[in-house]
>>> print(open('upload_37.csv').read())   # CSV, C-alpha atoms
chain,number,residue,atom,x,y,z
A,166,MET,CA,86.2,99.1,99.0
A,167,PRO,CA,83.5,101.7,98.6
A,168,ASP,CA,82.5,103.7,101.7
A,169,ARG,CA,79.0,102.3,101.7
A,170,VAL,CA,80.1,98.7,102.5
A,171,VAL,CA,81.9,99.3,105.8
A,172,GLY,CA,82.2,102.2,108.1
A,173,PRO,CA,85.3,104.5,107.6
A,174,GLU,CA,86.8,103.0,110.8
A,175,ILE,CA,87.1,99.5,109.3
A,176,GLU,CA,88.2,101.0,106.0
A,177,ARG,CA,91.0,102.8,107.8
A,178,LEU,CA,92.1,99.7,109.7
A,179,ILE,CA,92.4,97.8,106.4
A,180,GLN,CA,94.4,100.6,104.8
A,181,LEU,CA,96.9,100.7,107.6
A,182,LEU,CA,97.2,96.9,107.8
A,183,ALA,CA,98.0,96.9,104.0
A,184,ARG,CA,101.1,98.9,104.9
A,185,LEU,CA,102.6,96.0,107.0
A,186,PRO,CA,105.4,94.2,105.2
A,187,GLY,CA,104.2,91.3,103.0
A,188,TYR,CA,100.6,92.6,103.1
A,189,GLY,CA,98.6,94.1,100.3
A,190,PRO,CA,94.9,95.1,100.0
A,191,ARG,CA,93.7,91.5,99.8
A,192,SER,CA,95.6,90.2,102.7
A,193,ALA,CA,94.9,93.3,104.7
A,194,ARG,CA,91.1,92.6,104.3
A,195,ARG,CA,91.7,89.1,105.4
A,196,ALA,CA,93.7,90.2,108.4
A,197,ALA,CA,91.0,92.8,109.3
A,198,LEU,CA,88.3,90.1,109.2
A,199,HIS,CA,90.5,87.8,111.3
A,200,LEU,CA,91.0,90.5,113.9
A,201,MET,CA,87.3,91.3,114.0
A,202,ARG,CA,86.5,87.6,114.5
A,203,LYS,CA,89.1,87.4,117.3
A,204,ARG,CA,88.2,90.6,119.0
A,205,GLU,CA,89.0,89.5,122.5
A,206,GLU,CA,91.9,87.1,121.8
A,207,LEU,CA,93.8,89.1,119.2
A,208,LEU,CA,92.5,92.5,118.3
A,209,SER,CA,92.3,93.9,121.8
A,210,PRO,CA,95.7,92.6,123.0
A,211,LEU,CA,97.4,93.6,119.8
A,212,ALA,CA,96.0,97.1,120.0
A,213,ASP,CA,97.3,97.3,123.6
A,214,ALA,CA,100.7,95.8,122.7
A,215,MET,CA,101.1,98.4,119.9
A,216,ARG,CA,100.1,101.3,122.2
A,217,VAL,CA,102.6,100.1,124.8
A,218,ALA,CA,105.3,99.7,122.2
A,219,LYS,CA,104.6,103.2,120.8
A,220,GLU,CA,104.8,104.7,124.2
A,221,ARG,CA,107.8,102.8,125.5
A,222,ILE,CA,110.1,102.0,122.6
A,223,VAL,CA,113.3,104.1,122.6
A,224,THR,CA,116.5,104.0,120.6
A,225,CYS,CA,119.4,102.8,122.8
A,226,GLU,CA,121.7,105.8,123.4
A,227,SER,CA,124.7,103.5,123.5
A,228,CYS,CA,124.3,101.0,120.6
A,229,GLY,CA,121.4,102.4,118.5
A,230,SER,CA,119.2,99.4,118.8
A,231,VAL,CA,115.5,99.6,119.8
A,232,ASP,CA,114.2,98.4,123.1
A,233,THR,CA,111.9,99.6,125.8
A,234,ARG,CA,114.8,100.8,127.9
A,235,SER,CA,118.0,102.7,127.2
A,236,PRO,CA,120.7,101.4,127.7
A,237,CYS,CA,119.0,98.4,126.0
A,238,SER,CA,118.7,94.9,127.4
A,239,ILE,CA,122.0,94.0,125.8
A,240,CYS,CA,124.0,97.1,126.6
A,241,GLY,CA,122.7,97.0,130.2
A,242,ASP,CA,123.7,93.3,130.6
A,243,ASN,CA,126.9,93.2,132.7
A,244,ARG,CA,127.5,89.5,131.8
A,245,ARG,CA,128.3,90.6,128.2
A,246,ASP,CA,131.9,90.7,127.2
A,247,ALA,CA,132.8,94.4,127.1
A,248,ALA,CA,135.9,93.6,125.0
A,249,GLN,CA,133.9,92.5,122.0
A,250,LEU,CA,131.8,94.9,119.8
A,251,VAL,CA,129.9,93.6,116.8
A,252,ILE,CA,129.0,96.2,114.1
A,253,VAL,CA,125.7,95.5,112.3
A,254,GLU,CA,123.7,97.5,109.7
A,255,THR,CA,120.2,97.1,111.3
A,256,VAL,CA,118.4,95.9,114.4
A,257,GLY,CA,117.1,93.0,112.3
A,258,ASP,CA,120.7,91.9,111.8
A,259,LEU,CA,121.4,92.2,115.5
A,260,TRP,CA,118.3,90.0,116.3
A,261,ALA,CA,119.5,87.4,113.7
A,262,LEU,CA,122.9,87.2,115.4
A,263,GLU,CA,121.3,86.9,118.8
A,264,ARG,CA,119.2,84.0,117.6
A,265,ALA,CA,122.4,82.3,116.5
A,266,GLY,CA,123.6,82.8,120.1
A,267,VAL,CA,127.3,83.2,119.1
A,268,VAL,CA,128.0,86.8,120.2
A,269,LYS,CA,129.4,87.1,123.7
A,270,GLY,CA,129.9,90.9,123.5
A,271,ARG,CA,127.7,93.8,122.6
A,272,TYR,CA,126.6,95.4,119.4
A,273,HIS,CA,126.7,98.7,117.5
A,274,VAL,CA,123.9,99.4,115.0
A,275,LEU,CA,124.9,101.7,112.2
A,276,GLY,CA,121.4,102.2,110.9
A,277,GLY,CA,122.3,101.4,107.3
A,278,THR,CA,125.3,101.5,105.0
A,279,LEU,CA,127.2,104.2,103.2
A,280,SER,CA,125.5,104.7,99.8
A,281,PRO,CA,126.6,107.7,97.8
A,282,LEU,CA,124.0,106.9,95.1
A,283,ASP,CA,121.2,107.1,97.7
A,284,GLY,CA,122.7,110.2,99.3
A,285,VAL,CA,123.7,108.3,102.6
A,286,GLY,CA,126.9,109.7,103.9
A,287,PRO,CA,128.9,109.1,107.1
A,288,ALA,CA,126.9,111.7,109.0
A,289,ASP,CA,123.7,109.7,108.4
A,290,LEU,CA,125.0,106.6,110.2
A,291,ASN,CA,125.6,106.0,113.9
A,292,LEU,CA,129.4,106.4,113.4
A,293,GLN,CA,130.4,109.1,115.9
A,294,GLY,CA,128.9,107.0,118.7
A,295,LEU,CA,131.0,104.1,117.5
A,296,VAL,CA,134.2,106.0,117.8
A,297,THR,CA,133.2,107.3,121.2
A,298,ARG,CA,132.5,103.8,122.4
A,299,VAL,CA,135.7,102.3,121.1
A,300,ALA,CA,137.8,105.3,122.4
A,301,GLU,CA,136.5,104.5,125.9
A,302,GLY,CA,139.1,101.8,125.9
A,303,GLU,CA,137.2,98.6,127.0
A,304,VAL,CA,136.7,97.2,123.5
A,305,ARG,CA,139.5,95.0,122.3
A,306,GLU,CA,138.0,93.6,119.1
A,307,VAL,CA,135.5,95.1,116.6
A,308,ILE,CA,133.8,92.4,114.5
A,309,ILE,CA,132.3,94.0,111.3
A,310,ALA,CA,129.1,92.0,110.6
A,311,VAL,CA,127.6,94.1,107.7
A,312,ASN,CA,126.0,92.5,104.7
A,313,ALA,CA,128.2,91.1,102.0
A,314,THR,CA,127.0,93.7,99.5
A,315,VAL,CA,128.9,96.4,97.7
A,316,ASP,CA,127.5,99.1,100.1
A,317,GLY,CA,128.2,96.9,103.0
A,318,GLN,CA,131.8,96.3,102.1
A,319,THR,CA,132.3,100.0,101.4
A,320,THR,CA,131.0,100.7,104.8
A,321,ALA,CA,133.3,98.0,106.3
A,322,HIS,CA,136.3,99.7,104.8
A,323,TYR,CA,135.3,103.1,106.0
A,324,VAL,CA,134.7,101.8,109.5
A,325,THR,CA,138.1,100.1,109.5
A,326,ASP,CA,139.9,103.2,108.4
A,327,MET,CA,138.0,105.2,111.1
A,328,LEU,CA,139.1,102.8,113.9
A,329,ALA,CA,142.7,102.4,112.7
A,330,HIS,CA,144.2,104.8,115.1
A,331,LEU,CA,142.3,103.4,118.1
A,332,GLY,CA,144.4,100.3,118.5
A,333,VAL,CA,141.6,97.7,118.4
A,334,ARG,CA,141.6,94.5,116.4
A,335,VAL,CA,139.1,94.7,113.5
A,336,THR,CA,137.8,91.5,112.1
A,337,ARG,CA,134.9,90.6,109.7
A,338,LEU,CA,132.6,87.6,109.2
A,339,ALA,CA,134.0,84.7,107.2
A,340,HIS,CA,132.9,84.2,103.6
A,341,GLY,CA,132.1,80.7,102.5
A,342,VAL,CA,129.5,78.0,101.8
A,343,PRO,CA,126.4,78.4,104.0
A,344,VAL,CA,125.8,75.4,106.3
A,345,GLY,CA,123.4,73.1,104.4
A,346,GLY,CA,124.1,74.9,101.1
A,347,GLU,CA,124.6,73.1,97.9
A,348,LEU,CA,127.7,74.1,95.8
A,349,ASP,CA,125.7,73.9,92.5
A,350,TYR,CA,123.5,76.8,93.6
A,351,LEU,CA,126.2,79.1,94.9
A,352,ASP,CA,127.7,82.0,92.9
A,353,GLU,CA,131.3,82.0,91.8
A,354,GLY,CA,132.3,84.7,94.2
A,355,THR,CA,131.2,82.7,97.2
A,356,LEU,CA,132.9,79.5,95.9
A,357,ALA,CA,136.1,81.4,95.2
A,358,ALA,CA,136.0,82.8,98.8
A,359,ALA,CA,135.3,79.4,100.2
A,360,ILE,CA,138.3,77.9,98.4
A,361,ARG,CA,140.6,80.8,99.4
A,362,SER,CA,139.6,80.6,103.0
A,363,ARG,CA,139.7,76.8,103.2
A,364,THR,CA,140.5,75.3,106.6
A,365,ALA,CA,142.3,72.1,107.7
A,366,PHE,CA,140.0,69.1,107.9
B,136,MET,CA,114.0,85.2,120.9
B,137,PRO,CA,115.4,85.1,124.4
B,138,ASP,CA,114.1,87.6,126.9
B,139,ARG,CA,117.5,89.2,127.3
B,140,VAL,CA,117.6,90.6,123.7
B,141,VAL,CA,114.5,92.8,123.8
B,142,GLY,CA,112.1,93.8,126.5
B,143,PRO,CA,109.0,91.7,127.2
B,144,GLU,CA,106.8,94.4,125.6
B,145,ILE,CA,108.5,94.0,122.1
B,146,GLU,CA,108.5,90.2,122.6
B,147,ARG,CA,104.8,90.3,123.2
B,148,LEU,CA,104.2,92.5,120.1
B,149,ILE,CA,106.1,90.0,118.0
B,150,GLN,CA,104.1,87.1,119.4
B,151,LEU,CA,100.8,88.7,118.7
B,152,LEU,CA,101.8,89.9,115.2
B,153,ALA,CA,102.8,86.2,114.4
B,154,ARG,CA,99.1,85.3,114.9
B,155,LEU,CA,98.0,87.5,111.9
B,156,PRO,CA,97.0,85.5,108.9
B,157,GLY,CA,100.0,84.8,106.6
B,158,TYR,CA,102.5,85.7,109.3
B,159,GLY,CA,104.9,83.5,111.2
B,160,PRO,CA,107.7,84.2,113.7
B,161,ARG,CA,110.1,85.5,111.1
B,162,SER,CA,107.6,87.9,109.3
B,163,ALA,CA,106.3,89.0,112.7
B,164,ARG,CA,109.8,90.1,113.7
B,165,ARG,CA,110.1,91.9,110.4
B,166,ALA,CA,106.8,93.6,110.9
B,167,ALA,CA,107.7,94.6,114.4
B,168,LEU,CA,110.9,96.2,113.2
B,169,HIS,CA,109.0,98.0,110.4
B,170,LEU,CA,106.5,99.3,112.9
B,171,MET,CA,109.2,100.5,115.3
B,172,ARG,CA,111.0,102.3,112.4
B,173,LYS,CA,107.7,103.9,111.4
B,174,ARG,CA,106.5,104.8,114.8
B,175,GLU,CA,104.6,108.0,113.9
B,176,GLU,CA,103.5,107.1,110.4
B,177,LEU,CA,102.3,103.5,111.1
B,178,LEU,CA,102.6,102.1,114.6
B,179,SER,CA,100.7,104.9,116.3
B,180,PRO,CA,97.8,105.2,113.7
B,181,LEU,CA,97.5,101.4,113.5
B,182,ALA,CA,97.3,101.1,117.3
B,183,ASP,CA,94.6,103.8,117.3
B,184,ALA,CA,92.7,102.2,114.4
B,185,MET,CA,92.7,98.9,116.3
B,186,ARG,CA,91.5,100.4,119.5
B,187,VAL,CA,88.7,102.2,117.6
B,188,ALA,CA,87.8,99.0,115.8
B,189,LYS,CA,87.7,97.1,119.0
B,190,GLU,CA,85.5,99.6,120.7
B,191,ARG,CA,83.1,100.2,117.8
B,192,ILE,CA,82.8,97.0,115.8
B,193,VAL,CA,79.4,95.3,116.2
B,194,THR,CA,77.6,92.5,114.5
B,195,CYS,CA,74.7,93.8,112.4
B,196,GLU,CA,71.5,92.6,114.2
B,197,SER,CA,69.8,92.3,110.8
B,198,CYS,CA,72.3,90.5,108.4
B,199,GLY,CA,75.0,89.3,110.7
B,200,SER,CA,77.8,91.3,109.0
B,201,VAL,CA,80.3,93.3,111.0
B,202,ASP,CA,80.4,97.1,110.9
B,203,THR,CA,80.7,100.0,113.2
B,204,ARG,CA,76.9,100.5,113.3
B,205,SER,CA,73.9,98.2,113.5
B,206,PRO,CA,72.0,98.0,111.2
B,207,CYS,CA,75.2,98.0,109.1
B,208,SER,CA,76.0,100.4,106.2
B,209,ILE,CA,74.3,98.0,103.8
B,210,CYS,CA,71.2,97.1,105.8
B,211,GLY,CA,70.8,100.8,106.6
B,212,ASP,CA,71.0,101.9,103.0
B,213,ASN,CA,67.5,102.7,101.7
B,214,ARG,CA,68.7,102.7,98.1
B,215,ARG,CA,69.3,99.0,98.3
B,216,ASP,CA,66.7,96.7,96.7
B,217,ALA,CA,64.7,95.2,99.6
B,218,ALA,CA,63.3,92.5,97.2
B,219,GLN,CA,66.7,90.8,96.8
B,220,LEU,CA,68.5,89.0,99.6
B,221,VAL,CA,71.9,87.3,99.0
B,222,ILE,CA,73.0,84.6,101.4
B,223,VAL,CA,76.7,84.3,102.0
B,224,GLU,CA,78.8,82.1,104.4
B,225,THR,CA,81.2,84.8,105.7
B,226,VAL,CA,81.7,88.6,105.8
B,227,GLY,CA,84.7,88.1,103.5
B,228,ASP,CA,82.3,86.6,100.9
B,229,LEU,CA,80.0,89.6,101.3
B,230,TRP,CA,83.0,92.0,100.7
B,231,ALA,CA,84.0,90.0,97.7
B,232,LEU,CA,80.5,90.4,96.1
B,233,GLU,CA,80.4,94.1,97.0
B,234,ARG,CA,83.8,94.6,95.2
B,235,ALA,CA,82.2,93.0,92.1
B,236,GLY,CA,79.4,95.6,92.5
B,237,VAL,CA,76.7,93.3,91.1
B,238,VAL,CA,74.4,93.0,94.1
B,239,LYS,CA,71.5,95.5,94.2
B,240,GLY,CA,69.9,94.0,97.3
B,241,ARG,CA,71.1,93.2,100.8
B,242,TYR,CA,72.9,90.3,102.3
B,243,HIS,CA,72.5,87.7,105.0
B,244,VAL,CA,75.6,86.2,106.6
B,245,LEU,CA,75.2,82.7,107.8
B,246,GLY,CA,78.5,82.6,109.7
B,247,GLY,CA,79.6,79.3,108.2
B,248,THR,CA,78.1,76.2,106.7
B,249,LEU,CA,76.4,73.1,108.1
B,250,SER,CA,79.1,70.6,108.8
B,251,PRO,CA,78.0,67.6,110.8
B,252,LEU,CA,81.6,66.3,111.0
B,253,ASP,CA,82.8,69.5,112.7
B,254,GLY,CA,79.7,69.6,114.9
B,255,VAL,CA,78.2,72.6,113.2
B,256,GLY,CA,74.4,72.3,113.1
B,257,PRO,CA,71.5,74.6,112.1
B,258,ALA,CA,71.5,76.2,115.6
B,259,ASP,CA,75.1,77.4,115.1
B,260,LEU,CA,74.3,79.4,112.0
B,261,ASN,CA,72.3,82.7,111.6
B,262,LEU,CA,69.3,80.8,110.2
B,263,GLN,CA,66.5,81.9,112.4
B,264,GLY,CA,67.2,85.5,111.6
B,265,LEU,CA,67.0,84.6,107.9
B,266,VAL,CA,63.5,83.1,108.2
B,267,THR,CA,62.4,86.1,110.2
B,268,ARG,CA,63.7,88.5,107.5
B,269,VAL,CA,62.1,86.6,104.6
B,270,ALA,CA,58.8,86.2,106.5
B,271,GLU,CA,58.6,90.0,106.8
B,272,GLY,CA,57.4,89.8,103.2
B,273,GLU,CA,59.6,92.4,101.4
B,274,VAL,CA,62.1,89.8,100.0
B,275,ARG,CA,61.0,88.4,96.6
B,276,GLU,CA,64.2,86.5,95.6
B,277,VAL,CA,66.8,84.8,97.8
B,278,ILE,CA,70.2,84.3,96.0
B,279,ILE,CA,72.2,81.5,97.6
B,280,ALA,CA,75.9,82.5,97.2
B,281,VAL,CA,77.6,79.9,99.4
B,282,ASN,CA,80.9,78.3,98.3
B,283,ALA,CA,80.7,75.5,95.8
B,284,THR,CA,82.0,73.0,98.3
B,285,VAL,CA,80.2,69.9,99.7
B,286,ASP,CA,79.3,71.7,103.0
B,287,GLY,CA,78.3,74.8,101.1
B,288,GLN,CA,75.9,72.8,98.9
B,289,THR,CA,74.5,70.9,101.8
B,290,THR,CA,73.7,74.2,103.5
B,291,ALA,CA,72.2,75.6,100.2
B,292,HIS,CA,69.8,72.6,100.2
B,293,TYR,CA,68.9,73.1,103.8
B,294,VAL,CA,68.2,76.8,103.3
B,295,THR,CA,66.1,76.1,100.3
B,296,ASP,CA,63.9,73.6,102.2
B,297,MET,CA,63.6,76.0,105.1
B,298,LEU,CA,62.4,78.8,102.8
B,299,ALA,CA,60.1,76.6,100.7
B,300,HIS,CA,56.8,77.6,102.5
B,301,LEU,CA,57.6,81.3,102.4
B,302,GLY,CA,56.8,81.8,98.7
B,303,VAL,CA,60.1,83.4,97.7
B,304,ARG,CA,62.1,82.6,94.6
B,305,VAL,CA,65.3,80.8,95.5
B,306,THR,CA,68.3,81.0,93.1
B,307,ARG,CA,71.9,80.1,93.3
B,308,LEU,CA,75.1,81.3,91.6
B,309,ALA,CA,75.9,79.9,88.1
B,310,HIS,CA,78.6,77.3,87.8
B,311,GLY,CA,81.0,77.6,84.8
B,312,VAL,CA,84.3,78.7,83.6
B,313,PRO,CA,85.9,81.6,85.6
B,314,VAL,CA,86.4,84.7,83.4
B,315,GLY,CA,90.0,84.6,82.3
B,316,GLY,CA,90.3,80.9,83.1
B,317,GLU,CA,91.9,78.3,80.9
B,318,LEU,CA,90.0,75.1,80.2
B,319,ASP,CA,93.1,73.0,80.5
B,320,TYR,CA,93.5,73.9,84.2
B,321,LEU,CA,89.8,73.4,85.2
B,322,ASP,CA,88.5,70.3,86.9
B,323,GLU,CA,86.0,68.0,85.2
B,324,GLY,CA,83.1,69.0,87.4
B,325,THR,CA,83.4,72.6,86.4
B,326,LEU,CA,83.7,71.8,82.8
B,327,ALA,CA,80.7,69.5,82.9
B,328,ALA,CA,78.7,72.3,84.6
B,329,ALA,CA,79.8,74.8,82.0
B,330,ILE,CA,78.7,72.5,79.2
B,331,ARG,CA,75.4,71.7,80.8
B,332,SER,CA,74.6,75.4,81.4
B,333,ARG,CA,75.9,76.6,78.0
B,334,THR,CA,74.2,79.8,76.7
B,335,ALA,CA,73.4,81.0,73.2
B,336,PHE,CA,76.3,82.9,71.5
>>> encode(input="upload_37.csv", output="structure tokens")
Amino acid sequence: MPDRVVGPEIERLIQLLARLPGYGPRSARRAALHLMRKREELLSPLADAMRVAKERIVTCESCGSVDTRSPCSICGDNRRDAAQLVIVETVGDLWALERAGVVKGRYHVLGGTLSPLDGVGPADLNLQGLVTRVAEGEVREVIIAVNATVDGQTTAHYVTDMLAHLGVRVTRLAHGVPVGGELDYLDEGTLAAAIRSRTAF
Amino acid sequence: MPDRVVGPEIERLIQLLARLPGYGPRSARRAALHLMRKREELLSPLADAMRVAKERIVTCESCGSVDTRSPCSICGDNRRDAAQLVIVETVGDLWALERAGVVKGRYHVLGGTLSPLDGVGPADLNLQGLVTRVAEGEVREVIIAVNATVDGQTTAHYVTDMLAHLGVRVTRLAHGVPVGGELDYLDEGTLAAAIRSRTAF
């Protein structure tokens, strides 16, 4: 929008909002108008929440997740099973598993996957911290919960090799039919894996 | 997400982001992760932009638009044609017309439409200010650019009646086929209006 229509402050707000995921110039304008209409109820608290987040968010020195404390809420929770460590690519994956509520142990966030084509090597991932944690001796099982992509599987193999001499059990997520999924819409690889890993009924 | 996964500060950020238009709980989490990854490039400047907006945004005392000054950038622009006044429902509509770059004059933002069912009467709209502005005598033409909805058209008629004794020319936007539109997808009302208002080729 040309300068003359709104002041540069509003223009800048729109430009920054347009960089949020799922937003473009049009939705950013809509969001800016919405925020300006809801100045007290939304704009003001959101600005405060962002400022607080900016000041207080830290990367957990233990698992690599983000939180407002380090060790994070999960690493600092003594009710967690210290024998189980779940390896994920990103904090978003960690949150997804937490919503499922099935992990009793703690996590380790790699921060991505090995990807030679993109120039991501072992030194770019949070791998040294993983070896250190496992070598401390409390962990009995490492569950590799990386994405079922080529890069994810490459990373899974690398991690398995790296942990081989530490005497922990290394497992990975099961492949199969998603709950609620229809066979007709699944790819051959998933169906083949589901048949191979079939279980007693 | 349960409290134990992230601190309350991140939880609150996610809850507020979920109230942005087009966002829900899932996209808000994604946006929060994106912001936390881009702490310096996005989170920090966006928090600042919101704080500045919150502190400096005012409603223009003349036209009812929002800007960081009053009179707003448009009302304060002396190159604008004082004889032309375009009436819109919302600030979003004003911005849309400005992007089209066809309005030489200024605007008047009603802040909605008359809607008896929703309890919106004349006193809830920025109508008194409109009469005052037109009565000052500089305005020669009032272009009613409200939405082509039932409430919009009711409001258009009300405004026309209200301005009848002030000796200004009152016009409204043309109805017709949108540029780039396909006839097959248009409703009968639009097609009928396009035929009725046909122009020489």
>>> atom_distance(input="upload_37.csv", atom1="CA of Ala291 (chain B)", atom2="CA of Leu265 (chain B)")
12.9 Å
>>> residues_around(input="upload_37.csv", residues="Gly247 (chain B)", least_positions_apart="2", cutoff="7 Å", atoms="all atoms listed in the file", output="mmCIF file with C-alpha atoms, in the coordinates of the input")
data_model
loop_
_atom_site.group_PDB
_atom_site.id
_atom_site.type_symbol
_atom_site.label_atom_id
_atom_site.label_comp_id
_atom_site.auth_asym_id
_atom_site.auth_seq_id
_atom_site.Cartn_x
_atom_site.Cartn_y
_atom_site.Cartn_z
ATOM 1 C CA GLU B 224 78.800 82.100 104.400
ATOM 2 C CA THR B 225 81.200 84.800 105.700
ATOM 3 C CA LEU B 245 75.200 82.700 107.800
ATOM 4 C CA LEU B 249 76.400 73.100 108.100
ATOM 5 C CA LEU B 260 74.300 79.400 112.000
#
>>> residues_near_point(input="upload_37.csv", point="(70.3, 100.9, 108.1)", cutoff="12 Å", atoms="all atoms listed in the file", output="tab-separated table (two decimals) with C-alpha atoms, keeping the file's coordinate frame")
chain	number	residue	atom	x	y	z
A	169	ARG	CA	79.00	102.30	101.70
A	170	VAL	CA	80.10	98.70	102.50
A	171	VAL	CA	81.90	99.30	105.80
A	172	GLY	CA	82.20	102.20	108.10
B	195	CYS	CA	74.70	93.80	112.40
B	196	GLU	CA	71.50	92.60	114.20
B	197	SER	CA	69.80	92.30	110.80
B	198	CYS	CA	72.30	90.50	108.40
B	202	ASP	CA	80.40	97.10	110.90
B	203	THR	CA	80.70	100.00	113.20
B	204	ARG	CA	76.90	100.50	113.30
B	205	SER	CA	73.90	98.20	113.50
B	206	PRO	CA	72.00	98.00	111.20
B	207	CYS	CA	75.20	98.00	109.10
B	208	SER	CA	76.00	100.40	106.20
B	209	ILE	CA	74.30	98.00	103.80
B	210	CYS	CA	71.20	97.10	105.80
B	211	GLY	CA	70.80	100.80	106.60
B	212	ASP	CA	71.00	101.90	103.00
B	213	ASN	CA	67.50	102.70	101.70
B	214	ARG	CA	68.70	102.70	98.10
B	215	ARG	CA	69.30	99.00	98.30
B	217	ALA	CA	64.70	95.20	99.60
B	241	ARG	CA	71.10	93.20	100.80
>>> closest_atom_pairs(input="upload_37.csv", of="chain A", to="chain B", cutoff="7 Å", atoms="all atoms listed in the file", output="JSON lines")
{"residue": "A:Met166", "atom": "CA", "partner": "B:Arg234", "partner_atom": "CA", "distance": 6.4}
{"residue": "A:Arg169", "atom": "CA", "partner": "B:Ser208", "partner_atom": "CA", "distance": 5.7}
{"residue": "A:Val170", "atom": "CA", "partner": "B:Ser208", "partner_atom": "CA", "distance": 5.8}
{"residue": "A:Val171", "atom": "CA", "partner": "B:Asp202", "partner_atom": "CA", "distance": 5.8}
{"residue": "A:Gly172", "atom": "CA", "partner": "B:Thr203", "partner_atom": "CA", "distance": 5.8}
{"residue": "A:Glu174", "atom": "CA", "partner": "B:Ala188", "partner_atom": "CA", "distance": 6.5}
{"residue": "A:Ile175", "atom": "CA", "partner": "B:Ala188", "partner_atom": "CA", "distance": 6.6}
{"residue": "A:Arg177", "atom": "CA", "partner": "B:Ala184", "partner_atom": "CA", "distance": 6.8}
{"residue": "A:Leu178", "atom": "CA", "partner": "B:Ala184", "partner_atom": "CA", "distance": 5.4}
{"residue": "A:Leu181", "atom": "CA", "partner": "B:Leu181", "partner_atom": "CA", "distance": 6.0}
{"residue": "A:Leu185", "atom": "CA", "partner": "B:Ala166", "partner_atom": "CA", "distance": 6.2}
{"residue": "A:Pro186", "atom": "CA", "partner": "B:Ala166", "partner_atom": "CA", "distance": 5.9}
{"residue": "A:Ala196", "atom": "CA", "partner": "B:Pro156", "partner_atom": "CA", "distance": 5.8}
{"residue": "A:Arg204", "atom": "CA", "partner": "B:Lys189", "partner_atom": "CA", "distance": 6.5}
{"residue": "A:Leu208", "atom": "CA", "partner": "B:Lys189", "partner_atom": "CA", "distance": 6.7}
{"residue": "A:Ser209", "atom": "CA", "partner": "B:Lys189", "partner_atom": "CA", "distance": 6.3}
{"residue": "A:Leu211", "atom": "CA", "partner": "B:Leu151", "partner_atom": "CA", "distance": 6.1}
{"residue": "A:Ala212", "atom": "CA", "partner": "B:Ala182", "partner_atom": "CA", "distance": 5.0}
{"residue": "A:Ala214", "atom": "CA", "partner": "B:Leu148", "partner_atom": "CA", "distance": 5.5}
{"residue": "A:Met215", "atom": "CA", "partner": "B:Ala182", "partner_atom": "CA", "distance": 5.3}
{"residue": "A:Arg216", "atom": "CA", "partner": "B:Ala182", "partner_atom": "CA", "distance": 5.6}
{"residue": "A:Ala218", "atom": "CA", "partner": "B:Glu144", "partner_atom": "CA", "distance": 6.5}
{"residue": "A:Lys219", "atom": "CA", "partner": "B:Ser179", "partner_atom": "CA", "distance": 6.2}
{"residue": "A:Asp232", "atom": "CA", "partner": "B:Val141", "partner_atom": "CA", "distance": 5.7}
{"residue": "A:Thr233", "atom": "CA", "partner": "B:Gly142", "partner_atom": "CA", "distance": 5.8}
{"residue": "A:Ser238", "atom": "CA", "partner": "B:Val140", "partner_atom": "CA", "distance": 5.8}
{"residue": "A:Ile239", "atom": "CA", "partner": "B:Val140", "partner_atom": "CA", "distance": 5.9}
{"residue": "A:Arg264", "atom": "CA", "partner": "B:Met136", "partner_atom": "CA", "distance": 6.3}
>>> residues_around(input="upload_37.csv", residues="region 310-318 of chain B", least_positions_apart="4", cutoff="10 Å", atoms="only C-alpha atoms", output="PyMOL selection string")
chain B and resi 283+322-333
>>> calpha_fit_rmsd(input="upload_37.csv", fixed="chain B", moving="chain A")
0.1 Å
>>> residues_around(input="upload_37.csv", residues="Gly240 (chain B)", least_positions_apart="6", cutoff="8 Å", atoms="all atoms listed in the file", output="NGL selection string")
:B and (215-221)
>>> write_last_selection(input="upload_37.csv", atoms="C-alpha atoms", output="PDB file, in the coordinates of the input")
ATOM      1  CA  ARG B 215      69.300  99.000  98.300  1.00  0.00           C
ATOM      2  CA  ASP B 216      66.700  96.700  96.700  1.00  0.00           C
ATOM      3  CA  ALA B 217      64.700  95.200  99.600  1.00  0.00           C
ATOM      4  CA  ALA B 218      63.300  92.500  97.200  1.00  0.00           C
ATOM      5  CA  GLN B 219      66.700  90.800  96.800  1.00  0.00           C
ATOM      6  CA  LEU B 220      68.500  89.000  99.600  1.00  0.00           C
ATOM      7  CA  VAL B 221      71.900  87.300  99.000  1.00  0.00           C
TER       8      VAL B 221
END
>>> atom_distance(input="upload_37.csv", atom1="CA of Val296 (chain A)", atom2="CA of Thr336 (chain A)")
16.0 Å
>>> atom_distance(input="upload_37.csv", atom1="CA of Ala235 (chain B)", atom2="CA of Gly272 (chain B)")
27.4 Å
>>> closest_residue(input="upload_37.csv", among="A:Ala339, A:Gly332, A:Gly189, A:Gln293", to="Ile308 (chain A)", atoms="all atoms listed in the file")
A:Ala339
>>> residues_around(input="upload_37.csv", residues="Tyr323 (chain A)", least_positions_apart="4", cutoff="12 Å", atoms="all atoms listed in the file", output="list of chain:residue names")
A:Thr278, A:Leu279, A:Ser280, A:Gly286, A:Pro287, A:Leu290, A:Leu292, A:Ile309, A:Val311, A:Asp316, A:Gly317, A:Gln318, A:Thr319, A:Met327, A:Leu328, A:Ala329, A:Val335
